[in-house]
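Comments concern the structure below.
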Amino acid sequence: MWAFIHKLGSPKGFYAISARWLTPLWLAAAALILIGGTWGLAFSPADYQQGDSFRIIYVHVPAAFLAQSIFVAMAAAGFVFMVWKIKLADMAAAMMAPLGAGMTFVALFSGAVWGVPTWGTWWQWDARLTSMLILFFLYIGVIALRGAFASRDGGARAASVLAMVGVINIPIIKYSVEWWYTLHQPATFSITSKPAMPAAMWLPLLLMVLGFYCFFIAVTLMRTRSEILRRESSKRWVRALVEEQR
Amino acid sequence: MAFDSLSAFLAMGGYAPYVWSAYGATAALLLGVGWHARAERRRVLRDLKRRIRRERYQAGAANNTTEEGPRR
């Protein structure tokens, strides 16, 4: 077990092991998102109050979940990098930041176009909306800060620190709908109780959420593998590997 | 099926601009990010191959042997 974890922590070992995970992850992501998306768009029943506009939930909720999960993953990777100096953690953190920013943007955008027909406004300085906007700026800050340093190590450390500090925003996002009950409704689902929706409505949402997570893991693995090749380009094992790939 | 016809599906009960723009933005992000990850990998591999070939060539020219690169 420990040997496996050690191997996984080294760029070379990670590169070898992760190769086996890529195809299953891409396939799972594609299948889950295609099935969940089609189901949610065309087959689940329309909401009795919101009509067909409620179908936006199938992209809004998974995007918002990922927006927050990716930030937590990035902060955790930053912590691992700062404490144990594991370069691989920093590579992964660097590679997942843009996707996190994109997911935050999609969550905000799909929320805005959902707000127009349901709330009568695309934007309010509501606690949930504002804390999500802050999350978006935090992502931009982490990406910009990393690029602002001449030395890679300096940029990596600054980005890690900002991610670890910024992660405080995540519980604020989560509890914003309970602490300040302004406009955004509280969570529709919880792990402890049965969903207050028929299965034909929440099952496609579950598939979409799982599909988005698979997508995130697949993209992060694939991009981290590219980053390994870039950073370790003078290592002999990388040379040998590139020679093989004709 | 929650819709009677294709046109009803496209109309989304009158919410077409909202529903389709939300799904469009999501699809654009997923496809864009997936495509970028693939293009990035190809670019990295191509650049590495080029670099190895160039170093071989330079080493070959320096040693006046064209068969093999330097042994390290």
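Ordered as shown in the structure tokens, chains take letters A, B, and onward, while each chain numbers its residues from 1 and ligands are numbered from 1 in the order shown.
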
Show me a table, sorted first by chain and then by increasing residue number, of the residues of chain A having an atom at most 6 Å from chain B, each with its shortest atom pair and the distance in Å to one decimal, counting only C-alpha atoms and written as JSON lines.
```
{"residue": "A:Ala42", "atom": "CA", "partner": "B:Ala2", "partner_atom": "CA", "distance": 5.8}
{"residue": "A:Phe43", "atom": "CA", "partner": "B:Met1", "partner_atom": "CA", "distance": 4.3}
{"residue": "A:Pro45", "atom": "CA", "partner": "B:Ala2", "partner_atom": "CA", "distance": 5.6}
{"residue": "A:Asp52", "atom": "CA", "partner": "B:Met12", "partner_atom": "CA", "distance": 5.6}
{"residue": "A:Ser53", "atom": "CA", "partner": "B:Tyr15", "partner_atom": "CA", "distance": 5.6}
{"residue": "A:Ile56", "atom": "CA", "partner": "B:Val19", "partner_atom": "CA", "distance": 5.7}
{"residue": "A:Ser110", "atom": "CA", "partner": "B:Ala22", "partner_atom": "CA", "distance": 4.7}
{"residue": "A:Val113", "atom": "CA", "partner": "B:Tyr18", "partner_atom": "CA", "distance": 5.2}
{"residue": "A:Arg223", "atom": "CA", "partner": "B:Ala37", "partner_atom": "CA", "distance": 5.8}
{"residue": "A:Ser226", "atom": "CA", "partner": "B:Arg41", "partner_atom": "CA", "distance": 5.3}
```

Name the residues of range 4-222 of chain A that fall into alpha helix (DSSP H) according to DSSP on the backbone, using the chain letters and numbers of this document, as a PDB file with C-alpha atoms, in the first residue's frame.
```pdb
ATOM      1  CA  PHE A   4       1.919   2.128  -4.193  1.00  0.00           C
ATOM      2  CA  ILE A   5       1.338   5.572  -2.710  1.00  0.00           C
ATOM      3  CA  HIS A   6       5.036   6.363  -3.002  1.00  0.00           C
ATOM      4  CA  LYS A   7       5.056   5.302  -6.602  1.00  0.00           C
ATOM      5  CA  LEU A   8       1.954   7.414  -7.225  1.00  0.00           C
ATOM      6  CA  GLY A   9       3.663  10.454  -5.718  1.00  0.00           C
ATOM      7  CA  PRO A  11       6.010  11.867 -11.584  1.00  0.00           C
ATOM      8  CA  LYS A  12       7.322   8.749 -13.320  1.00  0.00           C
ATOM      9  CA  GLY A  13       5.216   6.335 -11.283  1.00  0.00           C
ATOM     10  CA  PHE A  14       2.140   8.509 -11.609  1.00  0.00           C
ATOM     11  CA  TYR A  15       2.610   8.739 -15.355  1.00  0.00           C
ATOM     12  CA  ALA A  16       2.730   4.956 -15.676  1.00  0.00           C
ATOM     13  CA  ILE A  17      -0.177   4.200 -13.340  1.00  0.00           C
ATOM     14  CA  SER A  18      -2.542   6.936 -14.534  1.00  0.00           C
ATOM     15  CA  ALA A  19      -2.316   5.717 -18.130  1.00  0.00           C
ATOM     16  CA  ARG A  20      -4.668   2.874 -17.225  1.00  0.00           C
ATOM     17  CA  TRP A  21      -7.314   5.171 -15.730  1.00  0.00           C
ATOM     18  CA  LEU A  22      -7.687   7.594 -18.603  1.00  0.00           C
ATOM     19  CA  THR A  23      -9.845   5.651 -21.058  1.00  0.00           C
ATOM     20  CA  PRO A  24     -12.355   4.346 -18.472  1.00  0.00           C
ATOM     21  CA  LEU A  25     -12.701   7.847 -17.033  1.00  0.00           C
ATOM     22  CA  TRP A  26     -13.286   9.511 -20.409  1.00  0.00           C
ATOM     23  CA  LEU A  27     -15.823   6.849 -21.359  1.00  0.00           C
ATOM     24  CA  ALA A  28     -17.657   7.112 -18.037  1.00  0.00           C
ATOM     25  CA  ALA A  29     -17.750  10.908 -18.299  1.00  0.00           C
ATOM     26  CA  ALA A  30     -19.077  10.848 -21.869  1.00  0.00           C
ATOM     27  CA  ALA A  31     -21.688   8.172 -21.148  1.00  0.00           C
ATOM     28  CA  LEU A  32     -22.940   9.730 -17.902  1.00  0.00           C
ATOM     29  CA  ILE A  33     -23.164  13.247 -19.334  1.00  0.00           C
ATOM     30  CA  LEU A  34     -24.819  12.138 -22.580  1.00  0.00           C
ATOM     31  CA  ILE A  35     -27.386   9.931 -20.821  1.00  0.00           C
ATOM     32  CA  GLY A  36     -28.013  12.357 -17.955  1.00  0.00           C
ATOM     33  CA  GLY A  37     -28.210  15.343 -20.298  1.00  0.00           C
ATOM     34  CA  THR A  38     -30.621  13.714 -22.739  1.00  0.00           C
ATOM     35  CA  ILE A  57     -30.721  22.470 -12.997  1.00  0.00           C
ATOM     36  CA  TYR A  58     -28.992  19.597 -14.834  1.00  0.00           C
ATOM     37  CA  VAL A  59     -26.089  21.829 -15.855  1.00  0.00           C
ATOM     38  CA  HIS A  60     -26.268  24.446 -13.100  1.00  0.00           C
ATOM     39  CA  VAL A  61     -25.935  22.139 -10.094  1.00  0.00           C
ATOM     40  CA  PRO A  62     -23.111  19.917 -11.448  1.00  0.00           C
ATOM     41  CA  ALA A  63     -21.154  23.012 -12.533  1.00  0.00           C
ATOM     42  CA  ALA A  64     -21.618  24.636  -9.121  1.00  0.00           C
ATOM     43  CA  PHE A  65     -20.573  21.407  -7.338  1.00  0.00           C
ATOM     44  CA  LEU A  66     -17.431  21.160  -9.416  1.00  0.00           C
ATOM     45  CA  ALA A  67     -16.630  24.854  -9.044  1.00  0.00           C
ATOM     46  CA  GLN A  68     -16.400  24.306  -5.284  1.00  0.00           C
ATOM     47  CA  SER A  69     -14.896  20.802  -5.292  1.00  0.00           C
ATOM     48  CA  ILE A  70     -12.106  21.827  -7.652  1.00  0.00           C
ATOM     49  CA  PHE A  71     -11.173  24.698  -5.363  1.00  0.00           C
ATOM     50  CA  VAL A  72     -11.023  22.345  -2.370  1.00  0.00           C
ATOM     51  CA  ALA A  73      -8.920  19.893  -4.399  1.00  0.00           C
ATOM     52  CA  MET A  74      -6.619  22.732  -5.443  1.00  0.00           C
ATOM     53  CA  ALA A  75      -6.211  23.919  -1.840  1.00  0.00           C
ATOM     54  CA  ALA A  76      -5.536  20.339  -0.677  1.00  0.00           C
ATOM     55  CA  ALA A  77      -2.938  19.903  -3.421  1.00  0.00           C
ATOM     56  CA  GLY A  78      -1.402  23.226  -2.376  1.00  0.00           C
ATOM     57  CA  PHE A  79      -1.196  21.980   1.215  1.00  0.00           C
ATOM     58  CA  VAL A  80       0.470  18.715   0.140  1.00  0.00           C
ATOM     59  CA  PHE A  81       2.927  20.702  -1.976  1.00  0.00           C
ATOM     60  CA  MET A  82       3.780  23.141   0.828  1.00  0.00           C
ATOM     61  CA  VAL A  83       4.131  20.526   3.573  1.00  0.00           C
ATOM     62  CA  TRP A  84       5.732  17.580   1.773  1.00  0.00           C
ATOM     63  CA  LYS A  87       5.938  18.560  -7.049  1.00  0.00           C
ATOM     64  CA  LEU A  88       3.228  16.391  -8.531  1.00  0.00           C
ATOM     65  CA  ALA A  89       0.628  17.994  -6.242  1.00  0.00           C
ATOM     66  CA  ASP A  90       1.601  21.419  -7.535  1.00  0.00           C
ATOM     67  CA  MET A  91       1.406  20.274 -11.155  1.00  0.00           C
ATOM     68  CA  ALA A  92      -2.114  18.940 -10.577  1.00  0.00           C
ATOM     69  CA  ALA A  93      -3.151  22.159  -8.801  1.00  0.00           C
ATOM     70  CA  ALA A  94      -1.886  24.250 -11.701  1.00  0.00           C
ATOM     71  CA  MET A  95      -3.715  22.101 -14.241  1.00  0.00           C
ATOM     72  CA  MET A  96      -7.101  22.103 -12.487  1.00  0.00           C
ATOM     73  CA  ALA A  97      -7.377  25.867 -11.869  1.00  0.00           C
ATOM     74  CA  PRO A  98      -8.629  26.885 -15.349  1.00  0.00           C
ATOM     75  CA  LEU A  99     -11.322  24.183 -15.349  1.00  0.00           C
ATOM     76  CA  GLY A 100     -12.454  25.386 -11.915  1.00  0.00           C
ATOM     77  CA  ALA A 101     -12.700  28.949 -13.186  1.00  0.00           C
ATOM     78  CA  GLY A 102     -14.667  27.717 -16.211  1.00  0.00           C
ATOM     79  CA  MET A 103     -17.064  25.728 -14.031  1.00  0.00           C
ATOM     80  CA  THR A 104     -17.622  28.746 -11.780  1.00  0.00           C
ATOM     81  CA  PHE A 105     -18.366  30.854 -14.820  1.00  0.00           C
ATOM     82  CA  VAL A 106     -20.856  28.292 -16.154  1.00  0.00           C
ATOM     83  CA  ALA A 107     -22.532  28.042 -12.737  1.00  0.00           C
ATOM     84  CA  LEU A 108     -22.905  31.838 -12.624  1.00  0.00           C
ATOM     85  CA  PHE A 109     -24.045  32.080 -16.240  1.00  0.00           C
ATOM     86  CA  SER A 110     -26.586  29.237 -16.079  1.00  0.00           C
ATOM     87  CA  GLY A 111     -27.837  30.673 -12.790  1.00  0.00           C
ATOM     88  CA  ALA A 112     -28.271  34.095 -14.399  1.00  0.00           C
ATOM     89  CA  VAL A 113     -30.270  32.780 -17.359  1.00  0.00           C
ATOM     90  CA  TRP A 114     -32.330  30.679 -14.945  1.00  0.00           C
ATOM     91  CA  GLY A 115     -32.927  33.717 -12.764  1.00  0.00           C
ATOM     92  CA  VAL A 116     -34.485  35.779 -15.538  1.00  0.00           C
ATOM     93  CA  PRO A 117     -37.664  33.671 -15.924  1.00  0.00           C
ATOM     94  CA  THR A 118     -37.894  32.488 -12.289  1.00  0.00           C
ATOM     95  CA  TRP A 119     -36.700  35.409 -10.171  1.00  0.00           C
ATOM     96  CA  ALA A 127     -25.137  35.982  -0.487  1.00  0.00           C
ATOM     97  CA  ARG A 128     -24.861  32.818  -2.612  1.00  0.00           C
ATOM     98  CA  LEU A 129     -24.396  34.705  -5.880  1.00  0.00           C
ATOM     99  CA  THR A 130     -21.856  37.092  -4.400  1.00  0.00           C
ATOM    100  CA  SER A 131     -19.800  34.354  -2.749  1.00  0.00           C
ATOM    101  CA  MET A 132     -19.746  32.439  -6.065  1.00  0.00           C
ATOM    102  CA  LEU A 133     -18.543  35.578  -7.836  1.00  0.00           C
ATOM    103  CA  ILE A 134     -15.791  35.848  -5.205  1.00  0.00           C
ATOM    104  CA  LEU A 135     -14.883  32.226  -5.953  1.00  0.00           C
ATOM    105  CA  PHE A 136     -14.514  33.138  -9.622  1.00  0.00           C
ATOM    106  CA  PHE A 137     -12.181  36.014  -8.728  1.00  0.00           C
ATOM    107  CA  LEU A 138     -10.204  33.725  -6.416  1.00  0.00           C
ATOM    108  CA  TYR A 139      -9.621  31.322  -9.311  1.00  0.00           C
ATOM    109  CA  ILE A 140      -8.488  34.197 -11.535  1.00  0.00           C
ATOM    110  CA  GLY A 141      -6.246  35.387  -8.695  1.00  0.00           C
ATOM    111  CA  VAL A 142      -4.645  31.946  -8.234  1.00  0.00           C
ATOM    112  CA  ILE A 143      -3.979  31.614 -11.971  1.00  0.00           C
ATOM    113  CA  ALA A 144      -2.629  35.170 -12.301  1.00  0.00           C
ATOM    114  CA  LEU A 145      -0.479  34.911  -9.171  1.00  0.00           C
ATOM    115  CA  ARG A 146       1.206  31.748 -10.426  1.00  0.00           C
ATOM    116  CA  GLY A 147       2.032  33.464 -13.700  1.00  0.00           C
ATOM    117  CA  ARG A 152       8.287  28.546 -10.927  1.00  0.00           C
ATOM    118  CA  ASP A 153       8.721  27.664  -7.270  1.00  0.00           C
ATOM    119  CA  GLY A 154       7.780  31.166  -6.133  1.00  0.00           C
ATOM    120  CA  GLY A 155       4.646  31.137  -8.267  1.00  0.00           C
ATOM    121  CA  ALA A 156       3.735  27.658  -7.045  1.00  0.00           C
ATOM    122  CA  ARG A 157       4.068  28.680  -3.393  1.00  0.00           C
ATOM    123  CA  ALA A 158       2.111  31.909  -3.805  1.00  0.00           C
ATOM    124  CA  ALA A 159      -0.690  30.088  -5.658  1.00  0.00           C
ATOM    125  CA  SER A 160      -0.773  27.378  -2.952  1.00  0.00           C
ATOM    126  CA  VAL A 161      -1.059  29.941  -0.178  1.00  0.00           C
ATOM    127  CA  LEU A 162      -3.826  31.850  -1.931  1.00  0.00           C
ATOM    128  CA  ALA A 163      -5.723  28.607  -2.576  1.00  0.00           C
ATOM    129  CA  MET A 164      -5.373  27.545   1.086  1.00  0.00           C
ATOM    130  CA  VAL A 165      -6.561  30.940   2.318  1.00  0.00           C
ATOM    131  CA  GLY A 166      -9.303  31.246  -0.292  1.00  0.00           C
ATOM    132  CA  ASN A 169     -14.889  30.948   0.957  1.00  0.00           C
ATOM    133  CA  ILE A 170     -16.190  27.403   0.344  1.00  0.00           C
ATOM    134  CA  PRO A 171     -18.086  26.955   3.648  1.00  0.00           C
ATOM    135  CA  ILE A 172     -19.320  30.518   3.196  1.00  0.00           C
ATOM    136  CA  ILE A 173     -20.798  29.520  -0.173  1.00  0.00           C
ATOM    137  CA  LYS A 174     -22.279  26.373   1.302  1.00  0.00           C
ATOM    138  CA  TYR A 175     -23.962  28.022   4.276  1.00  0.00           C
ATOM    139  CA  SER A 176     -24.707  31.365   2.583  1.00  0.00           C
ATOM    140  CA  VAL A 177     -28.232  30.189   1.781  1.00  0.00           C
ATOM    141  CA  GLU A 178     -28.888  29.459   5.452  1.00  0.00           C
ATOM    142  CA  TRP A 179     -27.025  32.318   7.138  1.00  0.00           C
ATOM    143  CA  ALA A 199     -36.738   9.842  -9.271  1.00  0.00           C
ATOM    144  CA  ALA A 200     -37.259  10.844 -12.917  1.00  0.00           C
ATOM    145  CA  MET A 201     -36.073  14.304 -11.904  1.00  0.00           C
ATOM    146  CA  TRP A 202     -33.181  13.586  -9.535  1.00  0.00           C
ATOM    147  CA  LEU A 203     -31.691  10.506 -11.223  1.00  0.00           C
ATOM    148  CA  PRO A 204     -30.546  12.413 -14.317  1.00  0.00           C
ATOM    149  CA  LEU A 205     -29.092  15.044 -12.004  1.00  0.00           C
ATOM    150  CA  LEU A 206     -27.133  12.366 -10.154  1.00  0.00           C
ATOM    151  CA  LEU A 207     -25.801  11.030 -13.481  1.00  0.00           C
ATOM    152  CA  MET A 208     -24.768  14.532 -14.541  1.00  0.00           C
ATOM    153  CA  VAL A 209     -22.981  15.209 -11.244  1.00  0.00           C
ATOM    154  CA  LEU A 210     -21.089  11.906 -11.463  1.00  0.00           C
ATOM    155  CA  GLY A 211     -20.296  12.556 -15.128  1.00  0.00           C
ATOM    156  CA  PHE A 212     -18.918  16.009 -14.342  1.00  0.00           C
ATOM    157  CA  TYR A 213     -16.682  14.539 -11.620  1.00  0.00           C
ATOM    158  CA  CYS A 214     -15.363  11.883 -14.020  1.00  0.00           C
ATOM    159  CA  PHE A 215     -14.732  14.615 -16.574  1.00  0.00           C
ATOM    160  CA  PHE A 216     -12.808  16.705 -14.043  1.00  0.00           C
ATOM    161  CA  ILE A 217     -10.641  13.758 -12.989  1.00  0.00           C
ATOM    162  CA  ALA A 218      -9.987  12.742 -16.607  1.00  0.00           C
ATOM    163  CA  VAL A 219      -9.007  16.271 -17.667  1.00  0.00           C
ATOM    164  CA  THR A 220      -6.795  16.762 -14.609  1.00  0.00           C
ATOM    165  CA  LEU A 221      -5.022  13.422 -15.118  1.00  0.00           C
ATOM    166  CA  MET A 222      -4.474  14.042 -18.794  1.00  0.00           C
TER     167      MET A 222
END
```

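Atom to atom, CA of Gly51 in chain A and CA of Leu31 in chain B stand 28.0 Å apart.
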
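If you look at CA of Arg231 in chain A and CA of Gln58 in chain B, they are 22.3 Å away from each other.
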